[in-house]
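Just query_39.tsv here, TSV, C-alpha atoms and all ligand atoms:
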```
chain	number	residue	atom	x	y	z
Q	192	MET	CA	57.17	-23.10	19.77
Q	193	LEU	CA	57.88	-19.73	21.37
Q	194	MET	CA	61.63	-19.16	21.72
Q	195	ALA	CA	63.90	-16.37	22.91
Q	196	ARG	CA	66.17	-15.30	20.08
Q	197	ILE	CA	69.19	-13.05	20.45
Q	198	ALA	CA	68.53	-10.16	18.09
Q	199	GLY	CA	71.54	-7.98	18.92
Q	200	THR	CA	74.67	-7.77	21.04
Q	201	GLY	CA	76.79	-4.97	22.47
Q	202	SER	CA	79.66	-4.44	24.86
Q	203	TYR	CA	81.76	-1.80	26.51
Q	204	VAL	CA	85.08	-1.63	28.35
Q	205	PRO	CA	86.64	1.48	29.89
Q	206	GLU	CA	89.58	3.05	28.05
Q	207	LYS	CA	92.20	2.79	30.77
Q	208	VAL	CA	94.47	-0.22	30.34
Q	209	ILE	CA	96.40	-1.70	33.27
Q	210	SER	CA	99.06	-4.05	31.95
Q	211	ASN	CA	100.89	-6.74	33.89
Q	212	HIS	CA	103.91	-4.44	33.78
Q	213	ASP	CA	101.86	-1.72	35.47
Q	214	LEU	CA	100.99	-4.26	38.19
Q	215	GLU	CA	104.69	-5.11	38.61
Q	216	ARG	CA	105.05	-1.56	39.91
Q	217	MET	CA	102.12	-1.93	42.31
Q	218	VAL	CA	102.61	-5.38	43.91
Q	219	GLU	CA	105.32	-8.05	44.05
Q	220	THR	CA	104.56	-9.90	40.85
Q	221	THR	CA	105.86	-10.40	37.33
Q	222	ASP	CA	104.33	-10.32	33.88
Q	223	ASP	CA	105.63	-13.87	33.42
Q	224	TRP	CA	103.90	-15.18	36.57
Q	225	ILE	CA	100.57	-13.61	35.65
Q	226	THR	CA	100.72	-14.70	32.01
Q	227	THR	CA	101.65	-18.31	32.72
Q	228	ARG	CA	99.27	-18.78	35.65
Q	229	THR	CA	96.27	-16.92	34.22
Q	230	GLY	CA	96.68	-16.04	30.53
Q	231	ILE	CA	95.96	-12.39	31.35
Q	232	ARG	CA	98.20	-9.65	29.90
Q	233	GLU	CA	96.13	-6.57	30.60
Q	234	ARG	CA	92.76	-5.47	31.92
Q	235	ARG	CA	90.58	-2.34	31.69
Q	236	VAL	CA	89.64	-0.26	34.71
Q	237	SER	CA	87.10	2.48	35.18
Q	238	THR	CA	88.51	5.88	36.06
Q	239	GLY	CA	85.17	7.20	37.19
Q	240	GLU	CA	82.67	5.60	34.87
Q	241	SER	CA	79.87	4.06	36.84
Q	242	THR	CA	78.42	0.57	36.50
Q	243	THR	CA	75.26	2.17	35.10
Q	244	GLU	CA	77.16	4.20	32.49
Q	245	MET	CA	78.97	1.09	31.29
Q	246	ALA	CA	75.74	-0.92	31.24
Q	247	VAL	CA	74.01	1.83	29.26
Q	248	LYS	CA	76.77	1.92	26.64
Q	249	ALA	CA	76.67	-1.85	26.13
Q	250	GLY	CA	72.87	-1.83	26.17
Q	251	ARG	CA	72.57	0.98	23.62
Q	252	MET	CA	74.93	-0.88	21.29
Q	253	ALA	CA	72.90	-4.08	21.60
Q	254	LEU	CA	69.67	-2.19	20.85
Q	255	ARG	CA	71.25	-0.54	17.82
Q	256	SER	CA	72.51	-3.86	16.45
Q	257	ALA	CA	69.05	-5.39	16.98
Q	258	GLY	CA	67.38	-2.42	15.28
Q	259	ILE	CA	65.07	-2.06	18.26
Q	260	SER	CA	64.25	1.21	19.98
Q	261	PRO	CA	64.46	1.47	23.80
Q	262	SER	CA	60.72	2.18	23.91
Q	263	GLU	CA	59.97	-1.32	22.57
Q	264	ILE	CA	61.74	-3.07	25.47
Q	265	ASP	CA	59.38	-4.66	28.00
Q	266	LEU	CA	61.89	-6.25	30.42
Q	267	VAL	CA	65.33	-5.23	31.73
Q	268	VAL	CA	67.47	-7.69	33.66
Q	269	VAL	CA	70.97	-6.75	34.77
Q	270	GLY	CA	73.45	-9.22	36.22
Q	271	THR	CA	75.81	-7.38	38.54
Q	272	VAL	CA	77.31	-7.51	42.03
Q	273	THR	CA	78.87	-4.06	41.81
Q	274	PRO	CA	75.85	-1.78	41.49
Q	275	ASP	CA	76.39	1.96	41.91
Q	276	LEU	CA	73.80	2.11	44.65
Q	277	VAL	CA	72.34	-0.40	47.11
Q	278	PHE	CA	69.06	0.65	45.55
Q	279	PRO	CA	67.52	1.46	43.16
Q	280	SER	CA	68.75	-1.39	41.01
Q	281	THR	CA	71.12	-0.86	38.10
Q	282	ALA	CA	68.29	-2.05	35.84
Q	283	CYS	CA	66.06	0.84	36.98
Q	284	LEU	CA	68.88	3.32	36.38
Q	285	VAL	CA	69.45	1.86	32.89
Q	286	GLN	CA	65.72	2.04	32.20
Q	287	SER	CA	65.78	5.72	33.05
Q	288	ALA	CA	69.03	6.54	31.21
Q	289	LEU	CA	67.79	4.89	28.01
Q	290	SER	CA	64.35	6.53	28.32
Q	291	MET	CA	62.54	3.22	28.29
Q	292	ARG	CA	58.85	2.98	28.97
Q	293	GLY	CA	57.68	3.38	32.56
Q	294	GLY	CA	55.91	0.40	34.10
Q	295	ILE	CA	58.00	-2.42	32.61
Q	296	PRO	CA	59.78	-4.81	35.02
Q	297	ALA	CA	63.45	-3.93	35.58
Q	298	PHE	CA	65.61	-5.64	38.18
Q	299	ASP	CA	69.12	-6.89	38.98
Q	300	VAL	CA	70.30	-10.43	39.52
Q	301	ALA	CA	73.24	-11.00	41.88
Q	302	ALA	CA	75.17	-14.13	40.90
Q	303	ALA	CA	78.72	-12.74	40.65
Q	304	CYS	CA	80.51	-14.07	37.56
Q	305	SER	CA	77.41	-16.10	36.63
Q	306	GLY	CA	75.33	-12.90	36.59
Q	307	PHE	CA	74.80	-12.83	32.85
Q	308	ILE	CA	73.89	-16.52	32.54
Q	309	TYR	CA	71.41	-16.05	35.41
Q	310	ALA	CA	69.96	-12.87	33.88
Q	311	LEU	CA	69.60	-14.52	30.48
Q	312	ASP	CA	67.92	-17.53	32.08
Q	313	VAL	CA	65.34	-15.21	33.65
Q	314	ALA	CA	64.70	-13.37	30.38
Q	315	ASP	CA	64.41	-16.65	28.48
Q	316	ARG	CA	61.73	-17.87	30.88
Q	317	TYR	CA	59.82	-14.54	30.76
Q	318	ILE	CA	59.82	-14.72	26.98
Q	319	ARG	CA	58.94	-18.40	26.61
Q	320	SER	CA	56.05	-17.96	29.04
Q	321	GLY	CA	54.69	-15.15	26.87
Q	322	THR	CA	55.12	-12.54	29.61
Q	323	SER	CA	57.73	-10.47	27.72
Q	324	LYS	CA	58.46	-9.97	24.05
Q	325	LYS	CA	61.61	-7.88	23.92
Q	326	ALA	CA	64.13	-7.96	26.74
Q	327	LEU	CA	67.38	-6.15	27.35
Q	328	VAL	CA	69.80	-8.35	29.29
Q	329	ILE	CA	73.07	-6.90	30.57
Q	330	GLY	CA	76.06	-8.32	32.43
Q	331	VAL	CA	78.26	-5.67	34.00
Q	332	ASP	CA	80.76	-5.40	36.82
Q	333	VAL	CA	83.28	-2.86	38.04
Q	334	PHE	CA	85.47	-5.09	40.17
Q	335	SER	CA	88.24	-2.47	40.29
Q	336	ARG	CA	86.14	-0.91	43.07
Q	337	ILE	CA	86.12	-4.00	45.25
Q	338	ILE	CA	89.64	-5.27	44.57
Q	339	ASP	CA	92.42	-4.72	47.06
Q	340	TRP	CA	95.06	-3.36	44.69
Q	341	ASN	CA	97.71	-4.30	47.28
Q	342	ASP	CA	96.73	-7.99	47.22
Q	343	ARG	CA	98.70	-9.73	44.49
Q	344	THR	CA	96.66	-12.92	44.77
Q	345	THR	CA	93.49	-11.21	43.53
Q	346	CYS	CA	94.30	-7.86	41.86
Q	347	ILE	CA	95.99	-9.53	38.90
Q	348	LEU	CA	92.84	-11.42	37.93
Q	349	PHE	CA	90.06	-8.93	37.47
Q	350	GLY	CA	89.02	-6.05	35.20
Q	351	ASP	CA	85.93	-3.98	34.40
Q	352	GLY	CA	83.53	-4.63	31.53
Q	353	ALA	CA	79.98	-4.83	30.30
Q	354	GLY	CA	78.09	-6.78	27.68
Q	355	ALA	CA	74.46	-6.83	26.60
Q	356	VAL	CA	72.00	-8.69	24.42
Q	357	VAL	CA	68.53	-7.93	23.16
Q	358	VAL	CA	66.36	-11.04	23.34
Q	359	VAL	CA	63.12	-11.22	21.38
Q	360	ALA	CA	60.22	-13.66	21.23
Q	361	SER	CA	60.35	-15.71	18.06
Q	362	ASN	CA	58.47	-18.63	16.53
Q	363	GLY	CA	61.40	-19.92	14.48
Q	364	ARG	CA	63.93	-22.64	15.27
Q	365	GLU	CA	66.59	-20.15	16.35
Q	366	GLY	CA	66.99	-19.05	19.91
Q	367	ILE	CA	67.92	-20.21	23.38
Q	368	LEU	CA	67.53	-24.01	23.41
Q	369	SER	CA	67.77	-24.22	27.19
Q	370	SER	CA	69.63	-22.76	30.12
Q	371	HIS	CA	70.48	-24.26	33.48
Q	372	ILE	CA	71.49	-22.33	36.58
Q	373	HIS	CA	72.79	-23.68	39.87
Q	374	SER	CA	74.14	-22.55	43.21
Q	375	ASP	CA	75.62	-24.05	46.35
Q	376	GLY	CA	75.76	-21.59	49.22
Q	377	THR	CA	77.82	-23.92	51.40
Q	378	TYR	CA	80.85	-22.71	49.43
Q	379	TRP	CA	80.14	-19.01	49.94
Q	380	GLU	CA	83.44	-18.38	51.72
Q	381	LEU	CA	85.55	-19.42	48.72
Q	382	LEU	CA	84.94	-16.12	46.98
Q	383	TYR	CA	83.16	-13.20	48.54
Q	384	THR	CA	83.15	-9.54	49.41
Q	385	PRO	CA	82.48	-8.83	53.10
Q	386	GLY	CA	80.43	-5.85	52.07
Q	387	ALA	CA	79.90	-2.26	51.31
Q	388	ILE	CA	77.10	-2.74	53.83
Q	389	ARG	CA	78.40	-1.35	57.13
Q	390	HIS	CA	77.43	-2.42	60.61
Q	391	SER	CA	74.91	-0.22	62.33
Q	392	PRO	CA	75.82	1.36	65.69
Q	393	PHE	CA	73.42	-1.12	67.32
Q	394	GLU	CA	75.42	-4.15	66.21
Q	395	ARG	CA	78.56	-5.54	67.75
Q	396	GLY	CA	81.61	-6.23	65.65
Q	397	GLU	CA	84.13	-4.39	63.59
Q	398	GLN	CA	83.39	-2.64	60.36
Q	399	ARG	CA	83.72	-5.10	57.51
Q	400	ASP	CA	86.33	-4.70	54.85
Q	401	HIS	CA	84.82	-4.20	51.41
Q	402	TYR	CA	87.53	-5.97	49.42
Q	403	LEU	CA	87.02	-9.23	47.58
Q	404	LEU	CA	88.46	-12.32	49.32
Q	405	MET	CA	89.21	-15.57	47.52
Q	406	LYS	CA	90.59	-19.04	48.07
Q	407	GLY	CA	92.17	-19.41	44.64
Q	408	ASN	CA	93.13	-23.07	44.57
Q	409	GLU	CA	89.79	-24.45	45.75
Q	410	THR	CA	87.92	-22.03	43.51
Q	411	PHE	CA	89.98	-23.22	40.56
Q	412	LYS	CA	89.07	-26.89	41.06
Q	413	LEU	CA	85.37	-26.21	41.56
Q	414	ALA	CA	85.33	-23.90	38.52
Q	415	VAL	CA	86.62	-26.65	36.25
Q	416	ARG	CA	84.31	-29.30	37.67
Q	417	SER	CA	81.12	-27.25	37.71
Q	418	MET	CA	81.57	-25.65	34.28
Q	419	GLU	CA	82.31	-29.04	32.74
Q	420	GLU	CA	79.16	-30.47	34.37
Q	421	ALA	CA	77.11	-27.46	33.25
Q	422	VAL	CA	78.18	-27.90	29.63
Q	423	LYS	CA	77.42	-31.63	29.74
Q	424	GLU	CA	74.02	-30.87	31.26
Q	425	VAL	CA	72.98	-28.41	28.55
Q	426	LEU	CA	74.23	-30.73	25.80
Q	427	GLN	CA	72.45	-33.73	27.22
Q	428	HIS	CA	69.22	-31.78	27.71
Q	429	ASN	CA	69.18	-30.93	24.01
Q	430	GLY	CA	70.40	-34.28	22.68
Q	431	LEU	CA	73.68	-32.71	21.56
Q	432	SER	CA	77.29	-33.83	21.87
Q	433	PRO	CA	80.47	-31.73	22.16
Q	434	GLU	CA	81.04	-32.15	18.39
Q	435	ASP	CA	77.80	-30.26	17.76
Q	436	ILE	CA	79.17	-27.12	19.42
Q	437	SER	CA	80.06	-24.46	16.85
Q	438	LEU	CA	81.47	-22.08	19.43
Q	439	PHE	CA	82.00	-22.49	23.17
Q	440	ILE	CA	82.11	-19.25	25.17
Q	441	PRO	CA	83.31	-19.96	28.71
Q	442	HIS	CA	83.51	-17.45	31.52
Q	443	GLN	CA	86.94	-15.86	31.18
Q	444	ALA	CA	88.46	-16.40	34.63
Q	445	ASN	CA	91.75	-18.16	33.96
Q	446	ILE	CA	93.16	-19.63	30.73
Q	447	ARG	CA	94.11	-22.77	32.65
Q	448	ILE	CA	90.47	-23.27	33.74
Q	449	ILE	CA	89.35	-22.79	30.13
Q	450	ASN	CA	92.00	-25.20	28.80
Q	451	ALA	CA	91.12	-27.85	31.38
Q	452	ILE	CA	87.44	-27.74	30.30
Q	453	LYS	CA	88.43	-27.74	26.64
Q	454	GLU	CA	90.47	-30.90	27.18
Q	455	ARG	CA	87.81	-32.65	29.26
Q	456	LEU	CA	85.22	-31.99	26.55
Q	457	ASN	CA	87.69	-32.71	23.78
Q	458	LEU	CA	86.96	-29.44	22.01
Q	459	PRO	CA	89.32	-28.18	19.31
Q	460	GLU	CA	91.09	-24.89	20.03
Q	461	GLU	CA	89.25	-22.95	17.30
Q	462	LYS	CA	85.85	-23.74	18.84
Q	463	VAL	CA	86.71	-22.12	22.19
Q	464	PHE	CA	86.43	-18.35	22.36
Q	465	VAL	CA	89.11	-16.70	24.48
Q	466	ASN	CA	89.72	-12.99	25.04
Q	467	ILE	CA	90.99	-13.15	28.64
Q	468	LYS	CA	94.39	-11.83	27.53
Q	469	LYS	CA	92.90	-8.35	26.96
Q	470	TYR	CA	90.41	-8.04	29.79
Q	471	GLY	CA	91.06	-10.49	32.63
Q	472	ASN	CA	87.99	-11.63	34.53
Q	473	THR	CA	85.24	-9.03	34.11
Q	474	SER	CA	82.78	-11.04	36.20
Q	475	ALA	CA	79.21	-10.70	34.87
Q	476	GLY	CA	80.58	-8.72	31.91
Q	477	SER	CA	82.80	-11.58	30.76
Q	478	ILE	CA	80.45	-13.80	28.73
Q	479	PRO	CA	78.38	-11.09	26.98
Q	480	LEU	CA	81.56	-9.17	26.17
Q	481	ALA	CA	83.04	-12.33	24.63
Q	482	LEU	CA	79.78	-13.08	22.81
Q	483	ASP	CA	79.68	-9.59	21.32
Q	484	GLU	CA	83.30	-9.86	20.16
Q	485	ALA	CA	82.59	-13.27	18.62
Q	486	VAL	CA	79.52	-11.92	16.78
Q	487	ARG	CA	81.34	-8.83	15.51
Q	488	GLY	CA	84.35	-10.94	14.54
Q	489	GLY	CA	82.08	-13.02	12.27
Q	490	LEU	CA	82.68	-16.18	14.29
Q	491	ILE	CA	78.98	-17.03	14.67
Q	492	GLY	CA	76.69	-17.78	11.73
Q	493	ARG	CA	73.01	-18.61	11.40
Q	494	GLY	CA	72.19	-22.10	12.66
Q	495	ASP	CA	75.39	-22.36	14.73
Q	496	ILE	CA	75.18	-23.94	18.17
Q	497	VAL	CA	76.71	-21.59	20.73
Q	498	VAL	CA	77.25	-22.90	24.25
Q	499	MET	CA	78.12	-20.59	27.14
Q	500	ALA	CA	79.11	-21.62	30.66
Q	501	SER	CA	79.84	-19.66	33.80
Q	502	PHE	CA	81.10	-20.01	37.31
Q	503	GLY	CA	81.28	-17.52	40.17
Q	504	GLY	CA	81.00	-16.59	43.81
Q	505	GLY	CA	78.01	-18.02	45.62
Q	506	LEU	CA	78.92	-20.52	44.45
Q	507	THR	CA	76.93	-20.11	41.28
Q	508	TRP	CA	77.31	-21.77	37.90
Q	509	GLY	CA	75.28	-22.37	34.79
Q	510	SER	CA	75.10	-22.94	31.06
Q	511	THR	CA	73.11	-21.86	28.01
Q	512	ALA	CA	72.85	-23.37	24.54
Q	513	ILE	CA	71.68	-21.22	21.65
Q	514	ARG	CA	70.85	-22.07	18.07
Q	515	TRP	CA	71.93	-18.84	16.35
Q	601	LIG	C1	94.66	-17.37	41.76
Q	601	LIG	C2	95.42	-18.37	40.91
Q	601	LIG	C3	95.82	-17.70	39.60
Q	601	LIG	C4	96.68	-18.77	41.65
Q	601	LIG	O1	97.42	-19.67	40.85
Q	601	LIG	P1	98.05	-20.96	41.51
Q	601	LIG	O2	98.79	-21.66	40.46
Q	601	LIG	O3	96.93	-21.70	42.19
Q	601	LIG	O4	99.05	-20.34	42.52
Q	601	LIG	P2	99.11	-20.53	44.12
Q	601	LIG	O5	97.96	-19.83	44.75
Q	601	LIG	O6	99.28	-21.98	44.41
Q	601	LIG	O7	100.43	-19.75	44.45
Q	601	LIG	C5	101.71	-20.21	44.01
Q	601	LIG	C6	102.75	-19.26	44.52
Q	601	LIG	O8	102.68	-18.01	43.81
Q	601	LIG	C7	102.56	-16.93	44.74
Q	601	LIG	N1	101.76	-15.87	44.15
Q	601	LIG	C8	100.42	-15.66	44.28
Q	601	LIG	N2	100.06	-14.60	43.54
Q	601	LIG	C9	101.15	-14.16	42.91
Q	601	LIG	C10	101.41	-13.11	42.03
Q	601	LIG	N3	100.43	-12.28	41.59
Q	601	LIG	N4	102.67	-12.93	41.57
Q	601	LIG	C11	103.66	-13.74	41.96
Q	601	LIG	N5	103.49	-14.75	42.83
Q	601	LIG	C12	102.25	-14.96	43.29
Q	601	LIG	C13	101.93	-17.54	45.95
Q	601	LIG	O9	102.22	-16.76	47.11
Q	601	LIG	C14	102.58	-18.89	46.00
Q	601	LIG	O10	103.88	-18.75	46.55
Q	601	LIG	P3	104.49	-19.92	47.49
Q	601	LIG	O11	104.55	-21.13	46.60
Q	601	LIG	O12	105.80	-19.34	47.86
Q	601	LIG	O13	103.52	-20.07	48.60
Q	601	LIG	C15	94.57	-19.62	40.61
Q	601	LIG	O14	94.41	-20.39	41.78
Q	601	LIG	C16	93.20	-19.30	40.09
Q	601	LIG	O15	93.05	-18.74	39.01
Q	601	LIG	N6	92.14	-19.69	40.80
Q	601	LIG	C17	90.78	-19.46	40.37
Q	601	LIG	C18	90.42	-18.04	40.69
Q	601	LIG	C19	89.21	-17.59	39.93
Q	601	LIG	O16	89.04	-17.91	38.79
Q	601	LIG	N7	88.36	-16.81	40.58
Q	601	LIG	C20	87.22	-16.24	39.99
Q	601	LIG	C21	86.20	-17.28	39.76
Q	601	LIG	S1	84.83	-16.58	38.94
```
Let me see whether you can do it: turn the structure in this file into structure tokens.
Amino acid sequence: MLMARIAGTGSYVPEKVISNHDLERMVETTDDWITTRTGIRERRVSTGESTTEMAVKAGRMALRSAGISPSEIDLVVVGTVTPDLVFPSTACLVQSALSMRGGIPAFDVAAACSGFIYALDVADRYIRSGTSKKALVIGVDVFSRIIDWNDRTTCILFGDGAGAVVVVASNGREGILSSHIHSDGTYWELLYTPGAIRHSPFERGEQRDHYLLMKGNETFKLAVRSMEEAVKEVLQHNGLSPEDISLFIPHQANIRIINAIKERLNLPEEKVFVNIKKYGNTSAGSIPLALDEAVRGGLIGRGDIVVMASFGGGLTWGSTAIRW
């Protein structure tokens, strides 16, 4: 059976570190409050690097680790909600920057923190249908641009980051077993950005603020519930149980969300990958960045079952199971 196998991974974070102590000087907060409520100690922020530049760095690394040249890629899908431009898409800019072939499909998927799981779902379906053979899938966000750095309820949570995978068509047993994506737009106001899109002079109304707005408590509860359901769904679909999971890579939004899911699924600590301490919530970058660190750290071996689950504004959520 034709499957989509992950042939290489890559990631990139900007150099500049903003620690909780740095934030103590910017808003009324403490390192202790942030650490206990979120598990985050520091995050990276871009000091001028664009979304495209970060995506290109992660993408190039994934291509190198897969041993595949950019000219072989026949599909580019980028999950992001912080593109550099309204259009063209980040995927088109990446295609150009990496000198990929002209004529291949390249497009973005907007699903906030679920961006990578959505993008991977698309690539998986393109590959399993025989339409594409070698895809570059990237999750990237530069939330530092849309965060109100005077708002202590949101600025402590987010950071910038990018991750990428090269997915290839394969006839073996290894690859994406299944992926499941969901959304419920009735909850859109829980977590949103009013928009870089400005009103035209022909419309009534004030200019919209472009900062991210969030209802933290409600978001928290829905994050736990939907990610738990998404993991159960992907396990059930493949006849697996939580004990079969070799490594669980959850979206890194809050350590308390991750711990709640870990407990509900009865997963041992060592099977849950966590790097939130260093990066905070990097939105669409979060899962591929964690995946790349897990691969490079030797935590994933051939035949392992890797399960990933996400949650984000939209609301959007989803899960993927991979036999490595
Ligand atoms: C945002 C979040 C960390 C807040 O944690 P919480 O335990 O729910 O805290 P609350 O919002 O109830 O606030 C508790 C108190 O801390 C205060 N507070 C909020 N942010 C603070 C900060 N950075 N520093 C210090 N105090 C803060 C609040 O004002 C409140 O004070 P009060 O009790 O005097 O009213 C948590 O709700 C969360 O992580 N939600 C999910 C967000 C998320 O993951 N979003 C992305 C999804 S992809």
Quick one: which chain Q residues come within 7 Å of ligand LIG 601 (chain Q), and what is the nearest atom pair for each with the distance in Å to one decimal, counting only C-alpha atoms and all ligand atoms, rows ordered by chain and ascending number, as a tab-separated table?
```
residue	atom	partner	partner_atom	distance
Q:Glu219	CA	Q:LIG601	N4	6.1
Q:Thr220	CA	Q:LIG601	N4	3.6
Q:Thr221	CA	Q:LIG601	N4	5.9
Q:Trp224	CA	Q:LIG601	C11	5.6
Q:Ile225	CA	Q:LIG601	N3	6.1
Q:Arg228	CA	Q:LIG601	C3	5.4
Q:Thr229	CA	Q:LIG601	C3	5.5
Q:Cys304	CA	Q:LIG601	S1	5.2
Q:Arg343	CA	Q:LIG601	N3	4.2
Q:Thr344	CA	Q:LIG601	N2	4.0
Q:Thr345	CA	Q:LIG601	C1	6.5
Q:Ile347	CA	Q:LIG601	N3	5.9
Q:Gly407	CA	Q:LIG601	O14	3.8
Q:Asn408	CA	Q:LIG601	O14	4.1
Q:Thr410	CA	Q:LIG601	C17	5.0
Q:Phe411	CA	Q:LIG601	C17	3.8
Q:Ala414	CA	Q:LIG601	C21	6.8
Q:Ala444	CA	Q:LIG601	O16	4.5
Q:Asn445	CA	Q:LIG601	O15	5.2
Q:Ser474	CA	Q:LIG601	S1	6.5
Q:Phe502	CA	Q:LIG601	S1	5.3
Q:Gly503	CA	Q:LIG601	S1	3.9
Q:Gly504	CA	Q:LIG601	S1	6.2
```
- Note on the structure: What separates CA of Lys412 (chain Q) and CA of Gln443 (chain Q) is a distance of 15.0 Å
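Restricting the calculation to all atoms listed in the file, the smallest distance between Arg319 (chain Q) and any of Q:Val300, Q:Ile295, Q:Ala485, Q:Val358 is found for Q:Val358.
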Skipping near chain neighbours, those fewer than 4 positions away, what residues fall within 12 Å of Ile449 (chain Q) using only C-alpha atoms, listed as a PDB file with C-alpha atoms, in the coordinates of the input?
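To be explicit, this is the file written out as around.pdb:
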```pdb
ATOM      1  CA  THR Q 229      96.270 -16.920  34.220  1.00  0.00           C
ATOM      2  CA  GLY Q 230      96.680 -16.040  30.530  1.00  0.00           C
ATOM      3  CA  PHE Q 411      89.980 -23.220  40.560  1.00  0.00           C
ATOM      4  CA  LYS Q 412      89.070 -26.890  41.060  1.00  0.00           C
ATOM      5  CA  ALA Q 414      85.330 -23.900  38.520  1.00  0.00           C
ATOM      6  CA  VAL Q 415      86.620 -26.650  36.250  1.00  0.00           C
ATOM      7  CA  ARG Q 416      84.310 -29.300  37.670  1.00  0.00           C
ATOM      8  CA  MET Q 418      81.570 -25.650  34.280  1.00  0.00           C
ATOM      9  CA  GLU Q 419      82.310 -29.040  32.740  1.00  0.00           C
ATOM     10  CA  PHE Q 439      82.000 -22.490  23.170  1.00  0.00           C
ATOM     11  CA  ILE Q 440      82.110 -19.250  25.170  1.00  0.00           C
ATOM     12  CA  PRO Q 441      83.310 -19.960  28.710  1.00  0.00           C
ATOM     13  CA  HIS Q 442      83.510 -17.450  31.520  1.00  0.00           C
ATOM     14  CA  GLN Q 443      86.940 -15.860  31.180  1.00  0.00           C
ATOM     15  CA  ALA Q 444      88.460 -16.400  34.630  1.00  0.00           C
ATOM     16  CA  ASN Q 445      91.750 -18.160  33.960  1.00  0.00           C
ATOM     17  CA  LYS Q 453      88.430 -27.740  26.640  1.00  0.00           C
ATOM     18  CA  GLU Q 454      90.470 -30.900  27.180  1.00  0.00           C
ATOM     19  CA  ARG Q 455      87.810 -32.650  29.260  1.00  0.00           C
ATOM     20  CA  LEU Q 456      85.220 -31.990  26.550  1.00  0.00           C
ATOM     21  CA  ASN Q 457      87.690 -32.710  23.780  1.00  0.00           C
ATOM     22  CA  LEU Q 458      86.960 -29.440  22.010  1.00  0.00           C
ATOM     23  CA  GLU Q 460      91.090 -24.890  20.030  1.00  0.00           C
ATOM     24  CA  LYS Q 462      85.850 -23.740  18.840  1.00  0.00           C
ATOM     25  CA  VAL Q 463      86.710 -22.120  22.190  1.00  0.00           C
ATOM     26  CA  PHE Q 464      86.430 -18.350  22.360  1.00  0.00           C
ATOM     27  CA  VAL Q 465      89.110 -16.700  24.480  1.00  0.00           C
ATOM     28  CA  ASN Q 466      89.720 -12.990  25.040  1.00  0.00           C
ATOM     29  CA  ILE Q 467      90.990 -13.150  28.640  1.00  0.00           C
ATOM     30  CA  MET Q 499      78.120 -20.590  27.140  1.00  0.00           C
ATOM     31  CA  ALA Q 500      79.110 -21.620  30.660  1.00  0.00           C
ATOM     32  CA  SER Q 501      79.840 -19.660  33.800  1.00  0.00           C
ATOM     33  CA  PHE Q 502      81.100 -20.010  37.310  1.00  0.00           C
TER      34      PHE Q 502
END
```
Taking all atoms listed in the file into account, produce a table as a Markdown table in which each residue of region 295-389 of chain Q with an atom at most 9 Å from an atom of region 235-243 of chain Q appears once, together with its shortest atom pair and the distance in Å to one decimal, ordered by chain and rising number.
```
| residue | atom | partner | partner_atom | distance |
| --- | --- | --- | --- | --- |
| Q:Val331 | CA | Q:Thr242 | CA | 6.7 |
| Q:Asp332 | CA | Q:Thr242 | CA | 6.4 |
| Q:Val333 | CA | Q:Thr242 | CA | 6.1 |
| Q:Phe334 | CA | Q:Val236 | CA | 8.4 |
| Q:Ser335 | CA | Q:Val236 | CA | 6.2 |
| Q:Arg336 | CA | Q:Ser237 | CA | 8.6 |
| Q:Phe349 | CA | Q:Arg235 | CA | 8.8 |
| Q:Gly350 | CA | Q:Arg235 | CA | 5.3 |
| Q:Asp351 | CA | Q:Val236 | CA | 5.3 |
| Q:Gly352 | CA | Q:Arg235 | CA | 7.4 |
| Q:Ala353 | CA | Q:Thr242 | CA | 8.4 |
```
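Here CA of Leu311 (chain Q) and CA of Leu382 (chain Q) stand 22.6 Å from one another.
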- Task: Could you please determine the separation between CA of Ala512 (chain Q) and CA of Ser280 (chain Q) in Å, to one decimal place?
- Result: 27.8 Å
Can you tell me, as AutoDock Vina command-line options, the centre and edge lengths (Å, one decimal) of the axis-aligned box enclosing all of region 419-437 of chain Q's listed atoms after padding each side by 4 Å?
```
--center_x 75.7 --center_y -29.4 --center_z 25.6 --size_x 21.1 --size_y 17.8 --size_z 25.5
```
- Item | Residues within 10 Å of Ser202 (chain Q), all atoms listed in the file, excluding chain neighbours under 5 positions, as a VMD selection string | chain Q and resid 245 to 253 329 to 331 352 to 356 476 to 477 479 to 484
Store the residues picked out above, limited to C-alpha atoms, as a compact mmCIF listing (two decimals), keeping the file's coordinate frame.
```
# COMPACT_ATOMS: atom_id res chain seq x y z
CA MET Q 245 78.97 1.09 31.29
CA ALA Q 246 75.74 -0.92 31.24
CA VAL Q 247 74.01 1.83 29.26
CA LYS Q 248 76.77 1.92 26.64
CA ALA Q 249 76.67 -1.85 26.13
CA GLY Q 250 72.87 -1.83 26.17
CA ARG Q 251 72.57 0.98 23.62
CA MET Q 252 74.93 -0.88 21.29
CA ALA Q 253 72.90 -4.08 21.60
CA ILE Q 329 73.07 -6.90 30.57
CA GLY Q 330 76.06 -8.32 32.43
CA VAL Q 331 78.26 -5.67 34.00
CA GLY Q 352 83.53 -4.63 31.53
CA ALA Q 353 79.98 -4.83 30.30
CA GLY Q 354 78.09 -6.78 27.68
CA ALA Q 355 74.46 -6.83 26.60
CA VAL Q 356 72.00 -8.69 24.42
CA GLY Q 476 80.58 -8.72 31.91
CA SER Q 477 82.80 -11.58 30.76
CA PRO Q 479 78.38 -11.09 26.98
CA LEU Q 480 81.56 -9.17 26.17
CA ALA Q 481 83.04 -12.33 24.63
CA LEU Q 482 79.78 -13.08 22.81
CA ASP Q 483 79.68 -9.59 21.32
CA GLU Q 484 83.30 -9.86 20.16
```
